Each structure stands twice: as structure tokens, then as C-alpha cells.
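> Contents of structure-v7.pdb (PDB, C-alpha atoms) are below:
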ATOM      1  CA  MET A1261       0.000   0.000   0.000
ATOM      2  CA  SER A1262       1.056   3.609  -0.483
ATOM      3  CA  ALA A1263       2.197   5.434   2.632
ATOM      4  CA  LEU A1264      -0.408   7.305   4.652
ATOM      5  CA  VAL A1265       0.806  10.528   6.220
ATOM      6  CA  GLY A1266      -0.187  12.979   8.903
ATOM      7  CA  THR A1267       1.263  15.653  11.159
ATOM      8  CA  ILE A1268       1.232  14.984  14.905
ATOM      9  CA  GLU A1269       0.080  18.292  16.359
ATOM     10  CA  GLY A1270      -0.342  17.180  19.975
ATOM     11  CA  ALA A1271      -0.007  14.140  22.230
ATOM     12  CA  GLY A1272      -1.545  12.979  25.484
ATOM     13  CA  PHE A1273      -0.332  10.130  27.684
ATOM     14  CA  TRP A1274      -1.189   8.616  31.060
ATOM     15  CA  THR A1275      -0.153   5.493  32.885
ATOM     16  CA  THR A1276       0.337   4.655  36.537
ATOM     17  CA  GLY A1277       3.369   6.584  37.762
ATOM     18  CA  LEU A1278       3.635   8.715  34.605
ATOM     19  CA  PRO A1279       0.583  11.004  34.652
ATOM     20  CA  GLY A1280       1.200  12.990  31.481
ATOM     21  CA  TRP A1281       3.193  13.262  28.274
ATOM     22  CA  ASP A1282       5.802  15.540  29.855
ATOM     23  CA  SER A1283       6.385  12.946  32.597
ATOM     24  CA  ALA A1284       6.672  10.181  30.002
ATOM     25  CA  ARG A1285       9.241  12.122  27.964
ATOM     26  CA  ASP A1286      11.290  12.924  31.074
ATOM     27  CA  PHE A1287      11.314   9.237  31.966
ATOM     28  CA  VAL A1288      12.377   8.143  28.479
ATOM     29  CA  ARG A1289      15.113  10.770  28.196
ATOM     30  CA  ASP A1290      16.709  10.631  31.643
ATOM     31  CA  GLY A1291      14.831   8.095  33.776
ATOM     32  CA  ARG A1292      13.126  10.714  35.959
ATOM     33  CA  LEU A1293       9.887   9.762  37.703
ATOM     34  CA  PRO A1294       7.486  12.327  39.196
ATOM     35  CA  GLU A1295       7.077  12.509  42.945
ATOM     36  CA  ALA A1296       3.752  11.305  44.405
ATOM     37  CA  PRO A1297       1.900  10.876  41.090
ATOM     38  CA  PRO A1298      -1.891  10.423  41.262
ATOM     39  CA  SER A1299      -3.192   6.868  41.263
ATOM     40  CA  ARG A1300      -6.029   7.696  38.873
ATOM     41  CA  PRO A1301      -6.711  10.294  36.170
ATOM     42  CA  SER A1302      -9.090  13.112  37.027
ATOM     43  CA  PRO A1303     -10.628  14.221  33.712
ATOM     44  CA  GLN A1304     -11.842  17.799  33.997
ATOM     45  CA  LEU A1305     -14.466  17.273  31.288
ATOM     46  CA  LEU A1306     -16.624  15.504  33.860
ATOM     47  CA  ALA A1307     -18.453  16.979  36.818
ATOM     48  CA  PRO A1308     -16.948  15.915  40.178
ATOM     49  CA  ASN A1309     -19.590  13.256  40.877
ATOM     50  CA  GLU A1310     -19.309  11.775  37.383
ATOM     51  CA  ARG A1311     -15.519  11.928  37.657
ATOM     52  CA  ARG A1312     -15.613   9.712  40.732
ATOM     53  CA  ARG A1313     -18.094   7.238  39.240
ATOM     54  CA  ALA A1314     -16.530   6.914  35.796
ATOM     55  CA  PRO A1315     -14.585   3.675  35.252
ATOM     56  CA  GLY A1316     -10.814   3.917  34.917
ATOM     57  CA  THR A1317     -10.849   3.330  31.167
ATOM     58  CA  VAL A1318     -13.204   6.271  30.619
ATOM     59  CA  ALA A1319     -11.167   8.474  32.958
ATOM     60  CA  VAL A1320      -7.861   7.757  31.228
ATOM     61  CA  ALA A1321      -9.346   8.108  27.741
ATOM     62  CA  LEU A1322     -10.811  11.541  28.507
ATOM     63  CA  GLU A1323      -7.638  12.668  30.287
ATOM     64  CA  VAL A1324      -5.318  11.919  27.363
ATOM     65  CA  ALA A1325      -7.792  13.078  24.715
ATOM     66  CA  LEU A1326      -8.165  16.517  26.295
ATOM     67  CA  ALA A1327      -4.397  16.792  26.844
ATOM     68  CA  ALA A1328      -3.720  16.057  23.162
ATOM     69  CA  CYS A1329      -6.254  18.659  22.021
ATOM     70  CA  GLU A1330      -4.803  21.273  24.372
ATOM     71  CA  ALA A1331      -1.262  20.515  23.171
ATOM     72  CA  ALA A1332      -2.421  20.918  19.573
ATOM     73  CA  GLY A1333      -4.363  24.093  20.285
ATOM     74  CA  ARG A1334      -7.482  22.480  18.828
ATOM     75  CA  ASP A1335     -11.087  22.844  19.966
ATOM     76  CA  PRO A1336     -12.127  19.311  21.056
ATOM     77  CA  ALA A1337     -15.665  19.892  19.812
ATOM     78  CA  SER A1338     -14.415  20.434  16.258
ATOM     79  CA  LEU A1339     -12.582  17.135  15.793
ATOM     80  CA  PRO A1340     -13.812  13.789  14.505
ATOM     81  CA  SER A1341     -12.383  11.061  16.697
ATOM     82  CA  VAL A1342     -11.235   7.455  16.679
ATOM     83  CA  PHE A1343     -11.335   5.578  19.999
ATOM     84  CA  GLY A1344      -9.496   2.266  20.233
ATOM     85  CA  SER A1345      -9.689  -0.210  23.113
ATOM     86  CA  THR A1346      -8.681  -3.852  23.032
ATOM     87  CA  HIS A1347     -11.168  -5.003  25.657
ATOM     88  CA  GLY A1348     -13.272  -2.056  26.775
ATOM     89  CA  GLU A1349     -14.058  -2.076  30.495
ATOM     90  CA  LEU A1350     -13.395  -5.692  31.512
ATOM     91  CA  ALA A1351     -13.875  -5.105  35.239
ATOM     92  CA  ILE A1352     -17.452  -4.022  34.595
ATOM     93  CA  THR A1353     -17.950  -6.862  32.116
ATOM     94  CA  ASP A1354     -16.910  -9.286  34.878
ATOM     95  CA  TYR A1355     -19.367  -7.620  37.278
ATOM     96  CA  MET A1356     -22.160  -7.806  34.693
ATOM     97  CA  CYS A1357     -21.593 -11.515  34.040
ATOM     98  CA  ALA A1358     -21.414 -12.408  37.732
ATOM     99  CA  THR A1359     -24.491 -10.348  38.638
ATOM    100  CA  LEU A1360     -26.576 -11.684  35.763
ATOM    101  CA  ALA A1361     -25.701 -15.226  36.824
ATOM    102  CA  ASP A1362     -26.451 -14.765  40.542
ATOM    103  CA  GLN A1363     -28.793 -11.785  41.082
ATOM    104  CA  PRO A1364     -29.889 -10.321  37.740
ATOM    105  CA  GLU A1365     -32.492  -8.065  39.339
ATOM    106  CA  THR A1366     -29.734  -6.103  41.119
ATOM    107  CA  ILE A1367     -27.837  -5.067  37.998
ATOM    108  CA  SER A1368     -26.704  -1.432  38.137
ATOM    109  CA  PRO A1369     -27.983   0.751  35.261
ATOM    110  CA  THR A1370     -24.940   3.002  35.618
ATOM    111  CA  ARG A1371     -22.533   0.099  35.332
ATOM    112  CA  PHE A1372     -24.554  -1.288  32.436
ATOM    113  CA  HIS A1373     -24.141   1.838  30.337
ATOM    114  CA  ASN A1374     -20.440   1.961  31.254
ATOM    115  CA  SER A1375     -19.978  -1.624  30.043
ATOM    116  CA  VAL A1376     -20.396  -0.870  26.332
ATOM    117  CA  HIS A1377     -17.239  -0.670  24.238
ATOM    118  CA  ASN A1378     -17.855   2.902  23.063
ATOM    119  CA  ALA A1379     -18.577   4.311  26.549
ATOM    120  CA  ALA A1380     -15.492   6.553  26.499
ATOM    121  CA  ALA A1381     -16.420   7.944  23.070
ATOM    122  CA  GLY A1382     -19.900   8.705  24.390
ATOM    123  CA  TYR A1383     -18.587  10.546  27.442
ATOM    124  CA  TRP A1384     -16.212  12.494  25.190
ATOM    125  CA  SER A1385     -18.905  13.645  22.784
ATOM    126  CA  ILE A1386     -21.165  14.711  25.666
ATOM    127  CA  GLY A1387     -18.403  16.400  27.655
ATOM    128  CA  THR A1388     -16.999  18.382  24.712
ATOM    129  CA  GLY A1389     -20.231  18.924  22.802
ATOM    130  CA  ALA A1390     -18.607  17.304  19.770
ATOM    131  CA  THR A1391     -20.987  16.387  16.955
ATOM    132  CA  ALA A1392     -18.373  15.179  14.466
ATOM    133  CA  ALA A1393     -18.192  11.484  13.633
ATOM    134  CA  THR A1394     -16.731   9.132  16.252
ATOM    135  CA  THR A1395     -15.394   5.660  15.475
ATOM    136  CA  ALA A1396     -14.820   2.940  18.091
ATOM    137  CA  ILE A1397     -12.342   0.199  17.144
ATOM    138  CA  SER A1398     -11.308  -3.115  18.680
ATOM    139  CA  ALA A1399      -8.817  -5.391  16.916
ATOM    140  CA  TYR A1400      -7.124  -7.306  19.745
ATOM    141  CA  GLN A1401      -3.338  -6.740  19.700
ATOM    142  CA  ALA A1402      -3.641  -4.726  16.485
ATOM    143  CA  THR A1403      -6.120  -2.250  17.970
ATOM    144  CA  PHE A1404      -3.756   0.718  18.109
ATOM    145  CA  ALA A1405      -2.355   0.101  14.631
ATOM    146  CA  GLN A1406      -5.838  -0.230  13.167
ATOM    147  CA  GLY A1407      -7.000   2.898  14.977
ATOM    148  CA  LEU A1408      -4.007   4.813  13.608
ATOM    149  CA  LEU A1409      -4.750   3.516  10.113
ATOM    150  CA  GLU A1410      -8.368   4.654  10.430
ATOM    151  CA  ALA A1411      -7.288   8.134  11.523
ATOM    152  CA  LEU A1412      -4.760   8.451   8.684
ATOM    153  CA  VAL A1413      -7.281   7.215   6.119
ATOM    154  CA  GLN A1414      -9.681   9.923   7.286
ATOM    155  CA  LEU A1415      -6.948  12.504   6.685
ATOM    156  CA  ALA A1416      -6.264  11.033   3.241
ATOM    157  CA  THR A1417      -9.924  11.418   2.311
ATOM    158  CA  GLY A1418      -9.946  15.117   3.182
ATOM    159  CA  VAL A1419     -10.644  15.431   6.912
ATOM    160  CA  PRO A1420      -8.486  18.363   8.120
ATOM    161  CA  ALA A1421      -7.674  16.880  11.542
ATOM    162  CA  VAL A1422      -8.668  13.903  13.663
ATOM    163  CA  LEU A1423      -8.232  12.810  17.274
ATOM    164  CA  LEU A1424      -6.947   9.284  17.977
ATOM    165  CA  VAL A1425      -7.429   7.895  21.500
ATOM    166  CA  ALA A1426      -6.256   4.470  22.700
ATOM    167  CA  TYR A1427      -6.713   2.985  26.171
ATOM    168  CA  ASP A1428      -7.166  -0.160  28.249
ATOM    169  CA  GLY A1429      -7.450  -1.093  31.925
ATOM    170  CA  SER A1430      -7.068  -4.174  34.091
ATOM    171  CA  SER A1431      -8.995  -7.380  33.575
ATOM    172  CA  VAL A1432     -10.311  -9.292  36.587
ATOM    173  CA  GLY A1433     -11.985 -12.594  37.404
ATOM    174  CA  PRO A1434     -12.219 -15.428  34.875
ATOM    175  CA  LEU A1435     -11.757 -12.953  31.996
ATOM    176  CA  ALA A1436      -8.225 -12.204  33.203
ATOM    177  CA  LYS A1437      -7.154 -15.695  32.121
ATOM    178  CA  ILE A1438      -8.248 -15.313  28.515
ATOM    179  CA  SER A1439      -8.047 -11.519  28.116
ATOM    180  CA  PRO A1440      -5.081 -10.501  30.275
ATOM    181  CA  SER A1441      -4.423  -6.839  30.953
ATOM    182  CA  ALA A1442      -2.870  -5.020  33.900
ATOM    183  CA  GLY A1443      -2.699  -1.421  35.015
ATOM    184  CA  LEU A1444      -4.174   1.616  33.301
ATOM    185  CA  LEU A1445      -2.769   3.024  30.064
ATOM    186  CA  GLY A1446      -3.936   5.663  27.640
ATOM    187  CA  GLY A1447      -2.466   7.632  24.768
ATOM    188  CA  ALA A1448      -3.867  10.170  22.317
ATOM    189  CA  LEU A1449      -2.702  12.017  19.218
ATOM    190  CA  VAL A1450      -4.146  14.906  17.258
ATOM    191  CA  LEU A1451      -3.247  14.242  13.627
ATOM    192  CA  SER A1452      -3.762  16.691  10.791
ATOM    193  CA  ARG A1453      -3.164  17.382   7.113
ATOM    194  CA  SER A1454      -1.688  20.792   7.867
ATOM    195  CA  GLU A1455       1.964  21.794   7.767
ATOM    196  CA  ARG A1456       3.270  22.960  11.119
ATOM    197  CA  ALA A1457       6.962  23.786  11.456
ATOM    198  CA  GLY A1458       8.633  21.824  14.231
ATOM    199  CA  ALA A1459       5.849  19.253  14.474
ATOM    200  CA  THR A1460       6.424  15.563  13.792
ATOM    201  CA  ARG A1461       5.361  14.200  10.419
ATOM    202  CA  LEU A1462       4.312  10.549  10.520
ATOM    203  CA  SER A1463       4.310   8.203   7.546
ATOM    204  CA  ALA A1464       2.726   4.734   7.861
ATOM    205  CA  THR A1465       3.021   1.772   5.509
ATOM    206  CA  LEU A1466       1.236  -1.556   5.901
ATOM    207  CA  ALA A1467       3.439  -4.581   5.143
ATOM    208  CA  ASP A1468       3.833  -8.296   5.744
ATOM    209  CA  GLY A1469       5.823  -9.423   8.769
ATOM    210  CA  ASP A1470       5.818  -9.745  12.532
ATOM    211  CA  ALA A1471       6.390  -6.773  14.795
ATOM    212  CA  PRO A1472       9.409  -7.054  17.102
ATOM    213  CA  ALA A1473       8.833  -6.863  20.833
ATOM    214  CA  ALA A1474       8.847  -3.218  21.914
ATOM    215  CA  ALA A1475      12.037  -2.496  23.827
ATOM    216  CA  GLY A1476      11.873   1.207  24.768
ATOM    217  CA  PRO A1477      11.717   2.538  28.335
ATOM    218  CA  LEU A1478       7.924   2.952  28.345
ATOM    219  CA  ALA A1479       7.381  -0.541  26.969
ATOM    220  CA  ALA A1480       9.838  -2.051  29.456
ATOM    221  CA  ARG A1481       8.037  -0.345  32.332
ATOM    222  CA  ASP A1482       4.532  -1.443  31.311
ATOM    223  CA  PRO A1483       2.977  -4.082  33.636
ATOM    224  CA  GLY A1484       1.239  -5.932  30.797
ATOM    225  CA  ASN A1485      -1.561  -3.647  29.652
ATOM    226  CA  ALA A1486      -3.469  -4.762  26.566
ATOM    227  CA  MET A1487      -2.731  -1.424  24.852
ATOM    228  CA  ALA A1488       1.040  -1.824  25.312
ATOM    229  CA  PRO A1489       1.626  -2.260  21.534
ATOM    230  CA  MET A1490       1.125   1.502  21.154
ATOM    231  CA  LEU A1491       4.204   2.148  23.320
ATOM    232  CA  ALA A1492       6.560   1.509  20.403
ATOM    233  CA  LEU A1493       5.330   4.751  18.837
ATOM    234  CA  PHE A1494       5.266   6.767  22.068
ATOM    235  CA  ASP A1495       8.794   5.604  22.947
ATOM    236  CA  ALA A1496       9.951   6.754  19.503
ATOM    237  CA  LEU A1497       8.243  10.131  19.853
ATOM    238  CA  ALA A1498       9.734  10.698  23.306
ATOM    239  CA  SER A1499      13.269   9.667  22.352
ATOM    240  CA  GLY A1500      13.403  11.218  18.890
ATOM    241  CA  ASP A1501      13.734   7.896  17.079
ATOM    242  CA  GLN A1502      12.703   8.049  13.430
ATOM    243  CA  HIS A1503      11.215   4.574  13.096
ATOM    244  CA  ALA A1504       8.721   2.343  14.910
ATOM    245  CA  THR A1505       6.877  -0.843  14.020
ATOM    246  CA  LEU A1506       3.396  -1.784  15.201
ATOM    247  CA  SER A1507       1.569  -5.096  15.034
ATOM    248  CA  ALA A1508      -1.308  -4.676  12.570
ATOM    249  CA  GLY A1509      -2.722  -8.215  12.805
ATOM    250  CA  ALA A1510      -1.584 -11.759  12.135
ATOM    251  CA  GLY A1511       1.470 -11.558   9.869
ATOM    252  CA  ARG A1512       0.983  -7.822   9.249
ATOM    253  CA  ILE A1513       2.894  -4.802  10.497
ATOM    254  CA  LEU A1514       2.529  -1.051  10.287
ATOM    255  CA  GLN A1515       5.912   0.537   9.591
ATOM    256  CA  LEU A1516       6.165   4.114  10.852
ATOM    257  CA  SER A1517       8.629   6.810   9.853
ATOM    258  CA  LEU A1518       8.879   9.998  11.893
ATOM    259  CA  HIS A1519      10.615  13.266  11.164
ATOM    260  CA  GLU A1520      10.349  16.891  12.146
ATOM    261  CA  THR A1521       8.774  19.172   9.568
ATOM    262  CA  SER A1522      10.483  22.311   8.296
ATOM    263  CA  LEU A1523       9.157  25.602   7.007
ATOM    264  CA  HIS A1524      10.094  24.664   3.439
ATOM    265  CA  GLU A1525       8.447  21.251   3.368
ATOM    266  CA  PRO A1526       5.344  20.962   1.121
ATOM    267  CA  SER A1527       2.031  20.504   2.879
ATOM    268  CA  LEU A1528      -0.010  17.314   2.546
ATOM    269  CA  GLN A1529      -2.409  19.124   0.240
ATOM    270  CA  GLU A1530       0.461  20.317  -2.001
ATOM    271  CA  THR A1531       2.003  16.849  -2.061
ATOM    272  CA  GLY A1532      -1.336  15.367  -3.160
ATOM    273  CA  ALA A1533      -1.686  17.966  -5.906
ATOM    274  CA  GLN A1534       1.815  17.205  -7.157
ATOM    275  CA  ARG A1535       1.057  13.481  -7.313
ATOM    276  CA  ARG A1536      -2.190  14.100  -9.217
ATOM    277  CA  GLY A1537      -0.336  16.347 -11.628
TER     278      GLY A1537
END
Starting from the file, give its structure as C-alpha cells.

Amino acid sequence: MSALVGTIEGAGFWTTGLPGWDSARDFVRDGRLPEAPPSRPSPQLLAPNERRRAPGTVAVALEVALAACEAAGRDPASLPSVFGSTHGELAITDYMCATLADQPETISPTRFHNSVHNAAAGYWSIGTGATAATTAISAYQATFAQGLLEALVQLATGVPAVLLVAYDGSSVGPLAKISPSAGLLGGALVLSRSERAGATRLSATLADGDAPAAAGPLAARDPGNAMAPMLALFDALASGDQHATLSAGAGRILQLSLHETSLHEPSLQETGAQRRG
């Protein structure tokens, strides 16, 4: 396939012990860890009561999504979005299964609506007032790669900018044996067609092969979260590496090239016009 391209205008990141993209970059570059980091994200899009009740996956998704939009200087309400989660909220899924088996009449309506895979996307659209299209993706270990492909395809078809959000939490109970995941992890990128000097330009090519095990500092620190495959890209962004490889499915990889844009580099629109000419 031809390469798909986009400019990374802003990033958001959160995991236990590294509550933000600045913290993650400091850790990758010199091993620094923040003192007394929070144990849970506190997304300001939600009212205090909703913030406390929201499951961890929703909290981390909203936290990183808003951080990416703020870093990009973009109005969250204006962006179409792609939300990727390998498992959704497995802790609530475990609760739902156990309650339905033992005492179905006691099922919690709040937990029920938080159990659906696109719960985080729903909270985001309500909290920001966004009316642009939202896509929810699940593709097992290829979830992040497929979400990134979806976002880049949207750019290629003319969308000016798109928000990509990826997240997963811990699995519990019997599901933990067949759908393992530990800790809380979320990452977000605002990707655009525009040229922005000093920003990172990303080029992605789908190919045959098997992705190598991620070996960067963020990947090495991860406790085994289902969204860990995304860490290959975030390690590269934090360290300044120009290449990363993501698993895109059985026998498929997404090869990424990264470089900083310059004032004299043609925009995506100009590049497309040149190719058509």
C-alpha cells in the first residue's frame, strides 16, 4: 500500500506513575519519575460526581484526549475522533456476568451503560459537545495500529484533523485468564493534514511481517496492559527515534517513519496535488 501521512500536532499520555506526556518524555530521556503521582486520572471534562463514578478506562481516555487537544491548540468539539480499546471495560464486564448469573435483578444501570465498548467515546462527545463522527475500534493486539490507520485514512480522504485515543485497563476474574491486561494506560494524538513547522510528520506503511517486541523505556516499564503495543510509537516520539513498528494483525505490520517538519516542506495538500499532476 502507499504510505499514509499525517502531522502529529499534539499528544496525550497517562499510565500509573507517569501522569502525562511531559512525565513520560522525562522518563524516556533521563529516567526521571514524578514525585507522588496520582493513582487515577481526574478528567476535567466531567463533573466531580461523574468523575468519581466513571470507570478507569473512561477516565484515562478523557484525560489523554483533552491533553492532546490542548497541546495541539485544537477545539475538542471540532474534531472527529477514533477511539481504540482492546477489551473495553473488563472489570465491569466481569461484574455484569457475575451479577446476571447470581442476582440479575440487582444489575446497576450506571454500570450497564459503562460496560459498552464505546462508553469513552460517548462521554467524550457529551463532555466536549462534539458532533463530528466518532469511530470505536477493537482489533485485539492490532487495535492501536488499526486505529491509527483509520485516523490516517480519514486525513487522506480530506478530513483536516482527527483525534486518535487508545486505552485499556485491568482485567479481573475469569476474563483475566483469557483476556489478560494489567494497570491503566492511555495515549492520544491529534493528527492533521496541515503543515506545522517543528511538528512531527508521521508516515505509515502496511506490510507483511511480525512486529518485534517493543524495547523502549515505556514498553519495558509497562505491567502488561493490553494497549502496550502503542508504546513503540510513544517511545519513539519521546526519544526522537525516526522509526517504529506496530503489530497490525496476524502476519501484518505497520511501519512508521517519523521526522520533524520544516518551514520549506510541502504541505499534505500540495504533495497530493503534485502526485495528481
> From the list A:Leu1444, A:Leu1322, A:Leu1278, A:Ile1268, which residue is nearest Ala1486 of chain A when using only C-alpha atoms?
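Result for the nearest residue to Ala1486 of chain A: A:Leu1444.
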> Determine the nearest neighbour of Trp1274 of chain A from the options A:Pro1340, A:Pro1298, A:Gly1333, A:Gly1446, counting only C-alpha atoms.
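Going through A:Pro1340, A:Pro1298, A:Gly1333, A:Gly1446 one by one, the smallest distance to Trp1274 of chain A is for A:Gly1446.
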> Each residue of segment 1423-1475 of chain A lying at most 7 Å from segment 1348-1351 of chain A should get a row with its shortest atom-to-atom pair and the distance in Å to one decimal, counting only C-alpha atoms; could you produce that, ordered by chain and increasing number, as a tab-separated table?

residue	atom	partner	partner_atom	distance
A:Asp1428	CA	A:Gly1348	CA	6.6
A:Gly1429	CA	A:Glu1349	CA	6.8
A:Ser1430	CA	A:Ala1351	CA	7.0
A:Ser1431	CA	A:Leu1350	CA	5.1
A:Val1432	CA	A:Ala1351	CA	5.7
> Write the residues of the selection above to a file with C-alpha atoms, as an mmCIF file, in the coordinates of the input.

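Wrote it out as result07.cif, contents follow:
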data_model
loop_
_atom_site.group_PDB
_atom_site.id
_atom_site.type_symbol
_atom_site.label_atom_id
_atom_site.label_comp_id
_atom_site.auth_asym_id
_atom_site.auth_seq_id
_atom_site.Cartn_x
_atom_site.Cartn_y
_atom_site.Cartn_z
ATOM 1 C CA ASP A 1428 -7.166 -0.160 28.249
ATOM 2 C CA GLY A 1429 -7.450 -1.093 31.925
ATOM 3 C CA SER A 1430 -7.068 -4.174 34.091
ATOM 4 C CA SER A 1431 -8.995 -7.380 33.575
ATOM 5 C CA VAL A 1432 -10.311 -9.292 36.587
#
> So which one's closest to Gly1500 of chain A, A:His1519, A:Arg1481, A:His1347, A:Arg1456? Using only C-alpha atoms, please.
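With only C-alpha atoms as the atom set, the closest residue is A:His1519.
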> Rank A:Met1490, A:Ala1436, A:Leu1462, A:Val1320 by their smallest atom-to-atom distance to His1503 of chain A, using all atoms listed in the file, and report the top residue only.
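Among the listed residues, the smallest separation from His1503 of chain A belongs to A:Leu1462.
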> Working from the structure I just supplied, which lacks atoms in segment 1505-1520 of chain A, can you model N, CA, C and O atoms there and output them as a CSV table (one decimal), keeping the file's coordinate frame?

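Final output, saved to out08.csv:
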chain,number,residue,atom,x,y,z
A,1505,THR,N,7.7,0.2,14.7
A,1505,THR,CA,6.9,-0.8,14.0
A,1505,THR,C,5.8,-1.3,14.9
A,1505,THR,O,6.0,-1.6,16.1
A,1506,LEU,N,4.6,-1.4,14.4
A,1506,LEU,CA,3.4,-1.8,15.2
A,1506,LEU,C,2.8,-3.1,14.6
A,1506,LEU,O,2.8,-3.3,13.4
A,1507,SER,N,2.3,-3.9,15.5
A,1507,SER,CA,1.6,-5.1,15.0
A,1507,SER,C,0.2,-4.6,14.5
A,1507,SER,O,-0.5,-3.9,15.1
A,1508,ALA,N,-0.1,-5.1,13.2
A,1508,ALA,CA,-1.3,-4.7,12.6
A,1508,ALA,C,-2.2,-5.9,12.3
A,1508,ALA,O,-3.2,-5.8,11.5
A,1509,GLY,N,-1.9,-7.0,13.0
A,1509,GLY,CA,-2.7,-8.2,12.8
A,1509,GLY,C,-1.8,-9.4,12.5
A,1509,GLY,O,-0.6,-9.2,12.5
A,1510,ALA,N,-2.4,-10.6,12.4
A,1510,ALA,CA,-1.6,-11.8,12.1
A,1510,ALA,C,-0.7,-11.6,10.9
A,1510,ALA,O,-1.3,-11.5,9.8
A,1511,GLY,N,0.6,-11.6,11.0
A,1511,GLY,CA,1.5,-11.6,9.9
A,1511,GLY,C,1.5,-10.2,9.2
A,1511,GLY,O,2.0,-10.1,8.1
A,1512,ARG,N,1.0,-9.2,9.9
A,1512,ARG,CA,1.0,-7.8,9.2
A,1512,ARG,C,1.6,-6.8,10.2
A,1512,ARG,O,1.4,-6.9,11.4
A,1513,ILE,N,2.3,-5.9,9.7
A,1513,ILE,CA,2.9,-4.8,10.5
A,1513,ILE,C,2.6,-3.4,9.9
A,1513,ILE,O,2.3,-3.3,8.7
A,1514,LEU,N,2.6,-2.4,10.7
A,1514,LEU,CA,2.5,-1.1,10.3
A,1514,LEU,C,3.9,-0.4,10.6
A,1514,LEU,O,4.3,-0.2,11.7
A,1515,GLN,N,4.6,-0.1,9.5
A,1515,GLN,CA,5.9,0.5,9.6
A,1515,GLN,C,5.8,2.0,9.6
A,1515,GLN,O,5.1,2.6,8.7
A,1516,LEU,N,6.3,2.7,10.7
A,1516,LEU,CA,6.2,4.1,10.9
A,1516,LEU,C,7.5,4.8,10.7
A,1516,LEU,O,8.5,4.4,11.2
A,1517,SER,N,7.5,5.9,10.0
A,1517,SER,CA,8.6,6.8,9.9
A,1517,SER,C,8.2,8.2,10.4
A,1517,SER,O,7.1,8.7,10.2
A,1518,LEU,N,9.2,8.7,11.2
A,1518,LEU,CA,8.9,10.0,11.9
A,1518,LEU,C,10.0,11.0,11.6
A,1518,LEU,O,11.2,10.6,11.6
A,1519,HIS,N,9.6,12.2,11.3
A,1519,HIS,CA,10.6,13.3,11.2
A,1519,HIS,C,10.0,14.6,11.4
A,1519,HIS,O,8.8,14.8,11.3
A,1520,GLU,N,10.8,15.5,11.8
A,1520,GLU,CA,10.3,16.9,12.1
A,1520,GLU,C,10.2,17.7,10.9
A,1520,GLU,O,11.0,17.7,10.0
